[in-house]
file my_file-v9.cif (mmCIF, C-alpha atoms (C1' of nucleotides))
data_start
loop_
_atom_site.label_atom_id
_atom_site.label_comp_id
_atom_site.auth_asym_id
_atom_site.auth_seq_id
_atom_site.Cartn_x
_atom_site.Cartn_y
_atom_site.Cartn_z
CA MET S 1 -69.36 44.04 -39.42
CA ASP S 2 -72.49 44.74 -37.42
CA ALA S 3 -74.89 47.60 -38.05
CA GLY S 4 -76.73 46.59 -41.20
CA GLY S 5 -79.64 44.40 -40.13
CA PHE S 6 -82.81 45.07 -38.22
CA ASP S 7 -83.11 43.41 -34.85
CA ALA S 8 -86.00 42.50 -32.59
CA VAL S 9 -86.13 45.98 -31.09
CA ASP S 10 -86.32 47.59 -34.52
CA VAL S 11 -89.27 45.37 -35.33
CA MET S 12 -90.95 46.36 -32.07
CA LEU S 13 -90.46 50.08 -32.75
CA GLU S 14 -91.74 49.77 -36.30
CA GLN S 15 -94.87 48.01 -35.04
CA TRP S 16 -95.51 50.77 -32.53
CA ARG S 17 -94.98 53.46 -35.16
CA SER S 18 -97.59 51.78 -37.28
CA GLU S 19 -100.14 51.18 -34.51
CA ARG S 20 -99.60 54.18 -32.26
CA PRO S 21 -97.88 56.99 -34.21
CA ASP S 22 -98.76 59.34 -31.36
CA LEU S 23 -96.32 57.76 -28.93
CA ASP S 24 -92.93 59.23 -28.06
CA LEU S 25 -90.58 56.25 -28.51
CA SER S 26 -87.38 58.06 -27.59
CA GLY S 27 -86.90 55.92 -24.50
CA VAL S 28 -88.63 52.69 -25.38
CA GLY S 29 -85.99 51.47 -27.82
CA ILE S 30 -83.10 52.07 -25.45
CA LEU S 31 -84.98 50.45 -22.61
CA GLY S 32 -85.75 47.42 -24.75
CA ARG S 33 -82.14 47.03 -25.86
CA VAL S 34 -80.83 47.35 -22.31
CA ALA S 35 -83.22 44.69 -21.06
CA GLN S 36 -82.47 42.37 -23.95
CA LEU S 37 -78.72 42.89 -23.70
CA SER S 38 -78.81 42.20 -19.98
CA ALA S 39 -80.59 38.90 -20.55
CA VAL S 40 -78.31 37.85 -23.40
CA LEU S 41 -75.16 38.77 -21.47
CA ALA S 42 -76.36 36.74 -18.49
CA GLY S 43 -76.64 33.74 -20.77
CA ALA S 44 -73.17 34.40 -22.19
CA VAL S 45 -71.37 34.49 -18.85
CA GLU S 46 -73.15 31.66 -17.04
CA PRO S 47 -71.33 28.79 -18.79
CA VAL S 48 -68.02 29.99 -17.30
CA PHE S 49 -69.48 29.81 -13.81
CA ALA S 50 -71.20 26.52 -14.48
CA ARG S 51 -67.90 24.88 -15.44
CA HIS S 52 -66.81 25.49 -11.86
CA GLY S 53 -70.10 24.41 -10.31
CA LEU S 54 -71.31 27.95 -9.60
CA ARG S 55 -74.46 29.92 -10.37
CA SER S 56 -74.25 33.63 -11.19
CA GLY S 57 -75.57 34.66 -7.79
CA GLU S 58 -73.03 32.56 -5.95
CA PHE S 59 -70.21 33.95 -8.10
CA ASP S 60 -71.38 37.46 -7.25
CA VAL S 61 -71.05 36.78 -3.53
CA LEU S 62 -67.60 35.24 -3.88
CA THR S 63 -66.32 38.13 -6.00
CA ALA S 64 -67.70 40.71 -3.59
CA LEU S 65 -65.71 39.03 -0.82
CA ARG S 66 -62.60 38.55 -2.96
CA ARG S 67 -62.33 42.12 -4.21
CA SER S 68 -62.94 43.54 -0.73
CA GLY S 69 -59.35 42.50 -0.01
CA PRO S 70 -57.86 40.87 3.10
CA PRO S 71 -59.21 39.47 5.33
CA TYR S 72 -61.95 38.76 2.73
CA VAL S 73 -64.75 39.32 5.24
CA LEU S 74 -68.09 41.12 4.88
CA ILE S 75 -71.34 41.03 6.83
CA PRO S 76 -74.53 39.71 5.20
CA SER S 77 -76.32 43.06 5.07
CA ALA S 78 -73.36 44.67 3.27
CA LEU S 79 -73.46 41.84 0.75
CA SER S 80 -77.19 42.13 0.17
CA GLU S 81 -76.89 45.87 -0.36
CA THR S 82 -73.95 45.58 -2.78
CA LEU S 83 -75.73 42.91 -4.79
CA MET S 84 -79.08 44.76 -4.72
CA MET S 85 -81.08 41.94 -3.20
CA SER S 86 -83.12 41.24 -0.07
CA ARG S 87 -81.56 40.01 3.14
CA ALA S 88 -83.79 36.97 3.06
CA GLY S 89 -82.37 36.03 -0.32
CA MET S 90 -78.84 36.55 0.96
CA THR S 91 -79.50 34.23 3.89
CA SER S 92 -80.26 31.37 1.55
CA ARG S 93 -77.38 32.14 -0.81
CA LEU S 94 -74.98 32.05 2.11
CA ASP S 95 -76.55 28.79 3.28
CA ARG S 96 -75.78 27.25 -0.09
CA LEU S 97 -72.25 28.65 -0.26
CA GLU S 98 -71.49 27.53 3.27
CA ALA S 99 -72.81 24.04 2.51
CA ALA S 100 -70.50 23.97 -0.51
CA GLY S 101 -67.58 24.93 1.71
CA LEU S 102 -66.83 28.17 -0.14
CA VAL S 103 -67.61 30.63 2.67
CA ARG S 104 -67.71 30.42 6.45
CA ARG S 105 -69.88 32.28 8.92
CA SER S 106 -68.33 33.27 12.24
CA LEU S 107 -69.32 35.52 15.12
CA ASP S 108 -68.93 39.25 14.69
CA PRO S 109 -67.07 40.38 17.84
CA ASP S 110 -68.38 43.93 17.46
CA ASP S 111 -72.08 43.22 16.85
CA ARG S 112 -73.79 40.18 18.24
CA ARG S 113 -76.72 40.57 15.83
CA SER S 114 -74.45 39.95 12.88
CA PHE S 115 -71.84 37.59 11.44
CA HIS S 116 -68.60 37.69 9.58
CA VAL S 117 -68.85 35.98 6.22
CA ALA S 118 -65.39 34.93 5.07
CA LEU S 119 -64.00 33.17 2.02
CA THR S 120 -62.64 29.73 2.84
CA GLU S 121 -59.43 28.60 1.23
CA ALA S 122 -61.47 26.59 -1.26
CA GLY S 123 -63.65 29.62 -1.99
CA HIS S 124 -60.60 31.79 -2.53
CA GLU S 125 -59.11 29.34 -5.00
CA VAL S 126 -62.34 28.95 -6.92
CA VAL S 127 -63.04 32.66 -7.25
CA ASP S 128 -59.49 33.43 -8.34
CA ALA S 129 -59.72 30.84 -11.07
CA VAL S 130 -63.20 31.85 -12.24
CA ILE S 131 -62.63 35.61 -12.25
CA ALA S 132 -59.71 35.25 -14.64
CA GLU S 133 -61.77 33.22 -17.08
CA HIS S 134 -64.70 35.56 -16.65
CA ALA S 135 -62.66 38.68 -17.36
CA THR S 136 -61.24 37.13 -20.52
CA ASN S 137 -64.69 36.04 -21.60
CA VAL S 138 -66.32 39.44 -21.17
CA ALA S 139 -63.36 41.22 -22.76
CA GLY S 140 -64.16 39.13 -25.81
CA LEU S 141 -67.82 40.03 -25.60
CA VAL S 142 -67.12 43.76 -25.78
CA SER S 143 -64.31 43.40 -28.31
CA CYS S 144 -66.71 44.41 -31.09
CA LEU S 145 -66.43 47.99 -29.85
CA ASP S 146 -63.20 49.96 -30.17
CA PRO S 147 -61.81 51.64 -27.04
CA GLY S 148 -63.42 54.98 -27.89
CA GLN S 149 -66.83 53.41 -28.39
CA ARG S 150 -66.47 51.46 -25.16
CA GLN S 151 -65.66 54.58 -23.23
CA SER S 152 -68.53 56.57 -24.68
CA LEU S 153 -70.92 53.67 -24.03
CA ASP S 154 -69.68 53.42 -20.48
CA GLN S 155 -70.15 57.14 -19.97
CA ALA S 156 -73.69 57.04 -21.32
CA LEU S 157 -74.57 54.10 -19.07
CA ARG S 158 -73.10 55.93 -16.07
CA THR S 159 -75.11 59.07 -16.83
CA LEU S 160 -78.33 57.06 -17.22
CA LEU S 161 -77.69 55.08 -14.06
CA ASP S 162 -77.12 58.24 -12.08
CA HIS S 163 -80.22 59.93 -13.49
CA VAL S 164 -82.56 56.99 -12.99
CA ALA S 165 -81.29 56.33 -9.47
CA LYS S 166 -82.04 59.92 -8.48
CA ARG S 167 -85.62 59.56 -9.70
CA GLN S 168 -86.52 57.15 -6.94
CA MET X 1 -74.93 67.68 -14.46
CA ASP X 2 -73.92 64.08 -13.98
CA ALA X 3 -70.44 62.71 -14.58
CA GLY X 4 -68.59 63.87 -11.51
CA GLY X 5 -69.07 61.24 -8.84
CA PHE X 6 -67.94 57.66 -8.51
CA ASP X 7 -70.63 55.02 -8.54
CA ALA X 8 -70.85 51.44 -7.33
CA VAL X 9 -69.24 50.10 -10.49
CA ASP X 10 -66.28 52.48 -10.13
CA VAL X 11 -65.77 51.19 -6.61
CA MET X 12 -65.89 47.62 -7.85
CA LEU X 13 -63.32 48.29 -10.58
CA GLU X 14 -61.01 50.10 -8.18
CA GLN X 15 -61.18 47.14 -5.78
CA TRP X 16 -60.28 44.75 -8.55
CA ARG X 17 -57.38 46.94 -9.69
CA SER X 18 -56.04 46.87 -6.19
CA GLU X 19 -56.50 43.13 -5.60
CA ARG X 20 -55.91 41.69 -9.06
CA PRO X 21 -53.96 44.17 -11.21
CA ASP X 22 -53.37 41.39 -13.72
CA LEU X 23 -57.00 41.26 -14.86
CA ASP X 24 -58.27 42.82 -18.08
CA LEU X 25 -61.29 44.83 -16.92
CA SER X 26 -62.28 46.22 -20.31
CA GLY X 27 -65.56 44.30 -20.28
CA VAL X 28 -66.34 43.93 -16.61
CA GLY X 29 -67.31 47.56 -16.05
CA ILE X 30 -69.67 47.71 -19.00
CA LEU X 31 -71.22 44.40 -18.03
CA GLY X 32 -71.73 45.61 -14.49
CA ARG X 33 -73.35 48.84 -15.56
CA VAL X 34 -75.66 47.09 -18.01
CA ALA X 35 -76.81 44.66 -15.33
CA GLN X 36 -77.26 47.40 -12.76
CA LEU X 37 -79.04 49.70 -15.19
CA SER X 38 -81.37 46.91 -16.22
CA ALA X 39 -82.34 46.28 -12.60
CA VAL X 40 -82.77 49.96 -11.79
CA LEU X 41 -84.84 50.60 -14.91
CA ALA X 42 -87.09 47.67 -14.06
CA GLY X 43 -87.77 49.29 -10.71
CA ALA X 44 -88.45 52.63 -12.37
CA VAL X 45 -91.09 51.36 -14.80
CA GLU X 46 -92.96 48.93 -12.54
CA PRO X 47 -94.93 51.56 -10.61
CA VAL X 48 -96.68 52.63 -13.82
CA PHE X 49 -97.82 49.07 -14.43
CA ALA X 50 -98.75 48.54 -10.81
CA ARG X 51 -101.10 51.53 -10.87
CA HIS X 52 -103.14 49.57 -13.42
CA GLY X 53 -102.90 46.26 -11.58
CA LEU X 54 -100.26 44.79 -13.88
CA ARG X 55 -96.84 43.20 -13.40
CA SER X 56 -94.07 43.78 -15.93
CA GLY X 57 -94.45 40.35 -17.46
CA GLU X 58 -98.15 40.77 -17.99
CA PHE X 59 -97.61 44.19 -19.56
CA ASP X 60 -95.09 42.65 -21.95
CA VAL X 61 -97.64 40.14 -23.18
CA LEU X 62 -100.35 42.76 -23.65
CA THR X 63 -98.02 45.09 -25.58
CA ALA X 64 -96.80 42.27 -27.82
CA LEU X 65 -100.43 41.63 -28.76
CA ARG X 66 -101.30 45.31 -29.09
CA ARG X 67 -98.42 46.28 -31.34
CA SER X 68 -98.97 43.25 -33.58
CA GLY X 69 -101.96 45.15 -34.96
CA PRO X 70 -105.48 43.93 -35.79
CA PRO X 71 -106.83 41.44 -35.02
CA TYR X 72 -104.47 41.53 -31.97
CA VAL X 73 -103.92 37.79 -32.04
CA LEU X 74 -100.74 35.75 -31.54
CA ILE X 75 -100.06 32.12 -30.63
CA PRO X 76 -98.36 31.24 -27.33
CA SER X 77 -95.12 30.01 -28.88
CA ALA X 78 -94.71 33.28 -30.80
CA LEU X 79 -95.22 35.18 -27.55
CA SER X 80 -92.72 33.07 -25.63
CA GLU X 81 -90.12 33.55 -28.35
CA THR X 82 -90.65 37.31 -28.58
CA LEU X 83 -90.41 37.70 -24.82
CA MET X 84 -87.43 35.33 -24.54
CA MET X 85 -89.01 32.94 -22.06
CA SER X 86 -90.00 29.29 -21.88
CA ARG X 87 -93.33 28.04 -23.14
CA ALA X 88 -94.13 26.70 -19.70
CA GLY X 89 -93.74 30.16 -18.25
CA MET X 90 -95.96 31.59 -20.96
CA THR X 91 -98.66 29.06 -20.14
CA SER X 92 -98.91 30.37 -16.62
CA ARG X 93 -98.73 34.03 -17.64
CA LEU X 94 -101.60 33.48 -20.05
CA ASP X 95 -103.54 31.68 -17.31
CA ARG X 96 -103.22 34.77 -15.13
CA LEU X 97 -104.11 37.19 -17.91
CA GLU X 98 -107.09 35.11 -18.96
CA ALA X 99 -108.31 34.92 -15.36
CA ALA X 100 -108.03 38.71 -15.20
CA GLY X 101 -110.12 39.00 -18.36
CA LEU X 102 -107.41 40.76 -20.37
CA VAL X 103 -106.81 38.07 -22.98
CA ARG X 104 -108.87 35.21 -24.40
CA ARG X 105 -107.73 31.84 -25.73
CA SER X 106 -109.65 30.40 -28.67
CA LEU X 107 -109.14 27.53 -31.06
CA ASP X 108 -106.66 28.01 -33.88
CA PRO X 109 -108.55 26.90 -36.99
CA ASP X 110 -105.30 26.17 -38.83
CA ASP X 111 -103.45 24.17 -36.16
CA ARG X 112 -105.26 22.09 -33.58
CA ARG X 113 -102.15 21.89 -31.38
CA SER X 114 -102.26 25.62 -30.81
CA PHE X 115 -104.48 28.51 -29.76
CA HIS X 116 -105.20 32.04 -30.70
CA VAL X 117 -104.44 34.42 -27.87
CA ALA X 118 -106.40 37.63 -28.37
CA LEU X 119 -106.72 40.89 -26.47
CA THR X 120 -110.16 41.31 -24.95
CA GLU X 121 -111.81 44.70 -25.05
CA ALA X 122 -110.75 45.26 -21.45
CA GLY X 123 -107.19 44.22 -22.29
CA HIS X 124 -107.10 46.58 -25.25
CA GLU X 125 -108.25 49.50 -23.12
CA VAL X 126 -105.77 48.76 -20.36
CA VAL X 127 -102.77 48.41 -22.64
CA ASP X 128 -103.61 51.56 -24.58
CA ALA X 129 -103.76 53.53 -21.36
CA VAL X 130 -100.62 52.03 -19.83
CA ILE X 131 -98.42 52.26 -22.93
CA ALA X 132 -98.99 56.01 -23.15
CA GLU X 133 -97.98 56.52 -19.53
CA HIS X 134 -95.07 54.14 -19.95
CA ALA X 135 -93.72 55.92 -23.04
CA THR X 136 -93.87 59.27 -21.27
CA ASN X 137 -92.19 57.79 -18.23
CA VAL X 138 -89.27 56.26 -20.10
CA ALA X 139 -88.84 59.33 -22.27
CA GLY X 140 -88.23 61.16 -19.01
CA LEU X 141 -85.79 58.51 -17.86
CA VAL X 142 -83.58 58.96 -20.94
CA SER X 143 -84.00 62.73 -21.06
CA CYS X 144 -80.62 63.16 -19.38
CA LEU X 145 -79.01 62.28 -22.71
CA ASP X 146 -79.25 64.60 -25.70
CA PRO X 147 -80.49 63.14 -29.00
CA GLY X 148 -76.97 62.56 -30.28
CA GLN X 149 -75.93 60.74 -27.14
CA ARG X 150 -79.09 58.64 -27.26
CA GLN X 151 -78.44 57.63 -30.82
CA SER X 152 -74.83 56.69 -30.20
CA LEU X 153 -75.83 54.73 -27.09
CA ASP X 154 -78.50 52.94 -29.06
CA GLN X 155 -76.02 52.09 -31.79
CA ALA X 156 -73.49 50.72 -29.31
CA LEU X 157 -76.15 48.58 -27.65
CA ARG X 158 -77.26 47.28 -31.02
CA THR X 159 -73.71 46.36 -31.97
CA LEU X 160 -73.13 44.58 -28.68
CA LEU X 161 -76.43 42.73 -28.87
CA ASP X 162 -75.65 41.53 -32.35
CA HIS X 163 -72.14 40.43 -31.40
CA VAL X 164 -73.11 38.61 -28.20
CA ALA X 165 -76.04 36.87 -29.86
CA LYS X 166 -73.76 35.51 -32.56
CA ARG X 167 -71.47 34.02 -29.92
CA GLN X 168 -74.01 31.48 -28.83
"C1'" DA E 1 -101.39 5.91 -46.85
"C1'" DG E 2 -98.24 5.21 -43.08
"C1'" DA E 3 -94.12 5.91 -40.23
"C1'" DG E 4 -90.93 9.02 -37.89
"C1'" DG E 5 -89.52 13.06 -36.37
"C1'" DA E 6 -90.66 17.87 -35.29
"C1'" DT E 7 -93.58 21.10 -32.99
"C1'" DA E 8 -97.48 23.19 -29.62
"C1'" DG E 9 -99.00 23.37 -25.27
"C1'" DT E 10 -99.48 21.64 -20.60
"C1'" DT E 11 -98.17 19.59 -16.22
"C1'" DA E 12 -95.17 18.41 -12.31
"C1'" DG E 13 -91.41 19.41 -9.45
"C1'" DA E 14 -87.50 22.18 -8.26
"C1'" DC E 15 -85.30 26.48 -7.59
"C1'" DT E 16 -84.57 31.32 -6.42
"C1'" DC E 17 -86.24 35.27 -4.87
"C1'" DC E 18 -89.25 38.49 -2.25
"C1'" DG E 19 -92.21 40.62 1.57
"C1'" DA E 20 -93.90 40.15 6.13
"C1'" DA E 21 -93.46 38.62 10.66
"C1'" DC E 22 -90.34 37.42 14.32
"C1'" DT E 23 -86.20 37.37 17.70
"C1'" DA E 24 -82.10 39.36 19.24
"C1'" DT E 25 -79.31 43.19 19.72
"C1'" DC E 26 -77.78 47.94 19.36
"C1'" DA E 27 -77.94 53.00 20.13
"C1'" DG E 28 -79.78 57.24 21.43
"C1'" DA E 29 -83.19 60.13 24.47
"C1'" DC E 30 -84.77 61.11 28.81
"C1'" DG R 1 -80.03 53.20 33.91
"C1'" DT R 2 -84.05 52.28 31.20
"C1'" DC R 3 -87.20 52.73 27.39
"C1'" DT R 4 -87.89 53.15 22.52
"C1'" DG R 5 -87.01 52.93 17.89
"C1'" DA R 6 -83.80 51.16 14.50
"C1'" DT R 7 -81.10 47.42 12.70
"C1'" DA R 8 -79.29 42.29 11.66
"C1'" DG R 9 -80.49 37.99 10.48
"C1'" DT R 10 -83.76 34.21 9.96
"C1'" DT R 11 -88.08 31.78 8.93
"C1'" DC R 12 -92.27 31.20 6.47
"C1'" DG R 13 -95.38 31.36 2.70
"C1'" DG R 14 -96.14 32.78 -1.90
"C1'" DA R 15 -94.94 34.23 -6.73
"C1'" DG R 16 -92.69 33.46 -11.05
"C1'" DT R 17 -89.72 30.94 -13.85
"C1'" DC R 18 -87.18 26.90 -15.49
"C1'" DT R 19 -86.34 21.93 -17.16
"C1'" DA R 20 -88.05 17.45 -18.18
"C1'" DA R 21 -91.66 14.49 -19.28
"C1'" DC R 22 -96.01 13.92 -21.54
"C1'" DT R 23 -100.02 14.19 -25.06
"C1'" DA R 24 -101.76 15.76 -29.26
"C1'" DT R 25 -101.07 17.23 -33.72
"C1'" DC R 26 -98.59 18.40 -37.86
"C1'" DC R 27 -95.43 17.58 -41.71
"C1'" DT R 28 -92.34 15.15 -44.71
"C1'" DC R 29 -90.51 11.20 -46.95
"C1'" DT R 30 -91.18 7.07 -49.12
#
call {"tool": "encode", "arguments": {"input": "my_file-v9.cif", "output": "C-alpha cells"}}
result
Amino acid sequence: MDAGGFDAVDVMLEQWRSERPDLDLSGVGILGRVAQLSAVLAGAVEPVFARHGLRSGEFDVLTALRRSGPPYVLIPSALSETLMMSRAGMTSRLDRLEAAGLVRRSLDPDDRRSFHVALTEAGHEVVDAVIAEHATNVAGLVSCLDPGQRQSLDQALRTLLDHVAKRQ
Amino acid sequence: MDAGGFDAVDVMLEQWRSERPDLDLSGVGILGRVAQLSAVLAGAVEPVFARHGLRSGEFDVLTALRRSGPPYVLIPSALSETLMMSRAGMTSRLDRLEAAGLVRRSLDPDDRRSFHVALTEAGHEVVDAVIAEHATNVAGLVSCLDPGQRQSLDQALRTLLDHVAKRQ
DNA sequence: AGAGGATAGTTAGACTCCGAACTATCAGAC
DNA sequence: GTCTGATAGTTCGGAGTCTAACTATCCTCT
C-alpha cells in the first residue's frame, strides 16, 4: 500500500533542489501537500452534497446550525465567523438557502440590527440525511491511516494551526 | 508549547457528539483541520507575495516556470494541469501576467495550436526574490514541529493524498 | 491522402466571494 | 439624556474561477 511512488510535490521539490539548492524547503513541501490535499478532499466530498442539491458552502451553513443544537438558531455574524468568511458572502448564502426553503430568517428580539437564522423542517431533514452520508464518506477517505497515525496527524495539524494562527 | 487548548474543530466535534452520538467522526475532524489549515496558511503566505505586487495564483505560475529550469518555458495546458485549474482560468492568469510584463507568449514551433509561455527577465528577477522570502516564511511557519514530527506529518499527508486521489 | 476523433487555447456567461460604502441599531462616556 | 464609536446586515462593483461552446490544429487509422 501507499508510500512507494513519487507524487507531484516530490517532483516540485526535486526541481527546486536542482534550480535553487540554496533554498530551505523544510516548509514548502508540507505547505504544498496541505494545499493539494485540501483541494482533492473538496472534490471528494462534493458529490455527496450534490446528490442532495447542495453546494459545500450551503452544507457548511446547515451543519453549523444543526450541531448548535436546539433551537437550531444562529445569527449571521456568528455563522460568518465560524465559517471564516465575510458577512457579505454570508448574506448571499443565506439568501440562497432561504429561497430553497432550508433556513428561515426571523427578527431577533434582543437586537434589532440582527436576525435569527433557523433551520426549517426541510433543512433539518436534509442536513440529517447528508451528514450521515458525509461522515461515512470521510471515514472511508481517512481509512488508509490506522488509528495511531490518524491521531498523530491530527495532533500535528492542531499544533500547526495553533502556531500559524498566533502569527497573525 | 501548544497542545493544551481546545480549538474550533474540537468545539465542532463536541457539538456533533452531543447532537448526533451515532456518527462516526473519525474523518470529520481531520478534514476540518486540513481545510482550516489550508485557509489559514493561504492568509499567512499572501503578504509576502503582495509586497511584490503578486497574488498567490500569479506566484504559482511564475514558480512553476522558474523551477522547470532553463529555458523557463512551459505551455499553458501543462501549467493548468500542474496548478490543478481549468485552461480557461489559466488563459486569464496568463493575460494578467503578460500585461504585467512577467511572462511572454510566443509561438510554439512544434505545435501551432499552442504557445510557449516564458519568464521575462523581470519575471525571473521577481520570482527569484519572492521565492527566497517565501521559503524563509514557510520554514518559520512549520518551525513549531521538530524534524521528526515534520517528516511523519509529511508522510501522513502523502498517504492520504495518494489514497484520496485513487478514489476518483 | 482523407476522415474522425482528440487536443490546445480562447471566449462568453454564470457563479461565488470579497472589500468598501451605507443604514440602522446598540452601548458606553460624559 | 445625548453624543460617539462600535457593531449587524445589506448593497454594489469588481476579481477570479468554472463550464460549455467554439475554432484551429494535430494525430491515427485505413
call {"tool": "interface_residues", "arguments": {"input": "my_file-v9.cif", "of": "chain E", "to": "chain S", "cutoff": "10 Å", "atoms": "only C-alpha atoms (C1' of nucleotides)", "output": "ChimeraX atom specification"}}
result
/E:16-19,24-26
call {"tool": "interface_residues", "arguments": {"input": "my_file-v9.cif", "of": "chain R", "to": "chain X", "cutoff": "7 Å", "atoms": "all atoms listed in the file", "output": "ChimeraX atom specification"}}
result
/R:17,24-25
call {"tool": "closest_residue", "arguments": {"input": "my_file-v9.cif", "among": "X:Arg51, X:Arg17, X:Arg67, X:Arg105", "to": "chain S", "atoms": "all atoms listed in the file"}}
result
X:Arg67
call {"tool": "atom_distance", "arguments": {"input": "my_file-v9.cif", "atom1": "CA of Asp162 (chain X)", "atom2": "CA of Phe6 (chain S)"}}
result
9.9 Å
call {"tool": "atom_distance", "arguments": {"input": "my_file-v9.cif", "atom1": "CA of Pro71 (chain S)", "atom2": "CA of Val126 (chain S)"}}
result
16.4 Å
call {"tool": "closest_atom_pairs", "arguments": {"input": "my_file-v9.cif", "of": "chain S", "to": "chain X", "cutoff": "6 Å", "atoms": "all atoms listed in the file", "output": "CSV"}}
result
residue,atom,partner,partner_atom,distance
S:Asp2,CA,X:Thr159,CA,5.8
S:Gln15,CA,X:Arg67,CA,5.4
S:Trp16,CA,X:Arg67,CA,5.5
S:Ser26,CA,X:Ala139,CA,5.7
S:Gly27,CA,X:Ala139,CA,4.5
S:Ile30,CA,X:Asp154,CA,5.9
S:Ala35,CA,X:Ser38,CA,5.6
S:Leu37,CA,X:Leu161,CA,5.7
S:Ser38,CA,X:Ala35,CA,5.6
S:Arg67,CA,X:Gln15,CA,5.4
S:Val138,CA,X:Gly27,CA,5.0
S:Ala139,CA,X:Gly27,CA,4.5
S:Val142,CA,X:Gly27,CA,5.7
S:Leu153,CA,X:Leu153,CA,5.9
S:Asp154,CA,X:Ile30,CA,5.9
S:Thr159,CA,X:Asp2,CA,5.9
S:Leu161,CA,X:Leu37,CA,5.7
call {"tool": "atom_distance", "arguments": {"input": "my_file-v9.cif", "atom1": "CA of Glu121 (chain S)", "atom2": "CA of Leu102 (chain S)"}}
result
7.5 Å
call {"tool": "residues_around", "arguments": {"input": "my_file-v9.cif", "residues": "DG5 (chain R)", "least_positions_apart": "6", "cutoff": "12 Å", "atoms": "all atoms listed in the file", "output": "PDB file with C-alpha atoms (C1' of nucleotides), in the frame of the given file"}}
result
ATOM      1  C1'  DC E  26     -77.780  47.940  19.360  1.00  0.00           C
ATOM      2  C1'  DA E  27     -77.940  53.000  20.130  1.00  0.00           C
ATOM      3  C1'  DG E  28     -79.780  57.240  21.430  1.00  0.00           C
ATOM      4  C1'  DA E  29     -83.190  60.130  24.470  1.00  0.00           C
TER       5       DA E  29
END
call {"tool": "residues_around", "arguments": {"input": "my_file-v9.cif", "residues": "DT30 (chain R)", "least_positions_apart": "2", "cutoff": "10 Å", "atoms": "all atoms listed in the file", "output": "NGL selection string"}}
result
(:E and (2-3)) or (:R and (28))
call {"tool": "residues_around", "arguments": {"input": "my_file-v9.cif", "residues": "DA12 (chain E)", "least_positions_apart": "4", "cutoff": "12 Å", "atoms": "all atoms listed in the file", "output": "list in words"}}
result
Ala88 of chain X; DT19, DA20, DA21 and DC22 of chain R
call {"tool": "residues_near_point", "arguments": {"input": "my_file-v9.cif", "point": "(-90.7, 37.8, 15.7)", "cutoff": "10 Å", "atoms": "all atoms listed in the file", "output": "ChimeraX atom specification"}}
result
/E:21-24 /R:10-11
call {"tool": "write_last_selection", "arguments": {"input": "my_file-v9.cif", "atoms": "C-alpha atoms (C1' of nucleotides)", "output": "mmCIF file, in the coordinates of the input"}}
result
data_model
loop_
_atom_site.group_PDB
_atom_site.id
_atom_site.type_symbol
_atom_site.label_atom_id
_atom_site.label_comp_id
_atom_site.auth_asym_id
_atom_site.auth_seq_id
_atom_site.Cartn_x
_atom_site.Cartn_y
_atom_site.Cartn_z
ATOM 1 C "C1'" DA E 21 -93.460 38.620 10.660
ATOM 2 C "C1'" DC E 22 -90.340 37.420 14.320
ATOM 3 C "C1'" DT E 23 -86.200 37.370 17.700
ATOM 4 C "C1'" DA E 24 -82.100 39.360 19.240
ATOM 5 C "C1'" DT R 10 -83.760 34.210 9.960
ATOM 6 C "C1'" DT R 11 -88.080 31.780 8.930
#
call {"tool": "axis_aligned_box", "arguments": {"input": "my_file-v9.cif", "around": "region 2-6 of chain E", "padding_each_side": "6 Å", "output": "JSON"}}
result
{"center_x": -93.9, "center_y": 11.5, "center_z": -39.2, "size_x": 20.7, "size_y": 24.7, "size_z": 19.8}
call {"tool": "resolve_selection", "arguments": {"input": "my_file-v9.cif", "expression": "the PyMOL selection byres ((chain S and resi 118) around 12)", "output": "PyMOL selection string"}}
result
chain S and resi 61-66+68-76+79+94+97-98+101-108+115-117+119-124
call {"tool": "write_last_selection", "arguments": {"input": "my_file-v9.cif", "atoms": "C-alpha atoms", "output": "mmCIF file, keeping the file's coordinate frame"}}
result
data_model
loop_
_atom_site.group_PDB
_atom_site.id
_atom_site.type_symbol
_atom_site.label_atom_id
_atom_site.label_comp_id
_atom_site.auth_asym_id
_atom_site.auth_seq_id
_atom_site.Cartn_x
_atom_site.Cartn_y
_atom_site.Cartn_z
ATOM 1 C CA VAL S 61 -71.050 36.780 -3.530
ATOM 2 C CA LEU S 62 -67.600 35.240 -3.880
ATOM 3 C CA THR S 63 -66.320 38.130 -6.000
ATOM 4 C CA ALA S 64 -67.700 40.710 -3.590
ATOM 5 C CA LEU S 65 -65.710 39.030 -0.820
ATOM 6 C CA ARG S 66 -62.600 38.550 -2.960
ATOM 7 C CA SER S 68 -62.940 43.540 -0.730
ATOM 8 C CA GLY S 69 -59.350 42.500 -0.010
ATOM 9 C CA PRO S 70 -57.860 40.870 3.100
ATOM 10 C CA PRO S 71 -59.210 39.470 5.330
ATOM 11 C CA TYR S 72 -61.950 38.760 2.730
ATOM 12 C CA VAL S 73 -64.750 39.320 5.240
ATOM 13 C CA LEU S 74 -68.090 41.120 4.880
ATOM 14 C CA ILE S 75 -71.340 41.030 6.830
ATOM 15 C CA PRO S 76 -74.530 39.710 5.200
ATOM 16 C CA LEU S 79 -73.460 41.840 0.750
ATOM 17 C CA LEU S 94 -74.980 32.050 2.110
ATOM 18 C CA LEU S 97 -72.250 28.650 -0.260
ATOM 19 C CA GLU S 98 -71.490 27.530 3.270
ATOM 20 C CA GLY S 101 -67.580 24.930 1.710
ATOM 21 C CA LEU S 102 -66.830 28.170 -0.140
ATOM 22 C CA VAL S 103 -67.610 30.630 2.670
ATOM 23 C CA ARG S 104 -67.710 30.420 6.450
ATOM 24 C CA ARG S 105 -69.880 32.280 8.920
ATOM 25 C CA SER S 106 -68.330 33.270 12.240
ATOM 26 C CA LEU S 107 -69.320 35.520 15.120
ATOM 27 C CA ASP S 108 -68.930 39.250 14.690
ATOM 28 C CA PHE S 115 -71.840 37.590 11.440
ATOM 29 C CA HIS S 116 -68.600 37.690 9.580
ATOM 30 C CA VAL S 117 -68.850 35.980 6.220
ATOM 31 C CA LEU S 119 -64.000 33.170 2.020
ATOM 32 C CA THR S 120 -62.640 29.730 2.840
ATOM 33 C CA GLU S 121 -59.430 28.600 1.230
ATOM 34 C CA ALA S 122 -61.470 26.590 -1.260
ATOM 35 C CA GLY S 123 -63.650 29.620 -1.990
ATOM 36 C CA HIS S 124 -60.600 31.790 -2.530
#
call {"tool": "decode", "arguments": {"input": "my_file-v9.cif", "residues": "region 19-23 of chain E", "atoms": "C-alpha atoms (C1' of nucleotides)", "output": "compact mmCIF listing (two decimals), in the first residue's frame"}}
result
# COMPACT_ATOMS: atom_id res chain seq x y z
C1' DG E 19 -13.88 44.96 0.21
C1' DA E 20 -15.92 49.39 0.63
C1' DA E 21 -19.70 52.23 1.41
C1' DC E 22 -24.14 52.69 3.57
C1' DT E 23 -28.18 52.42 7.06
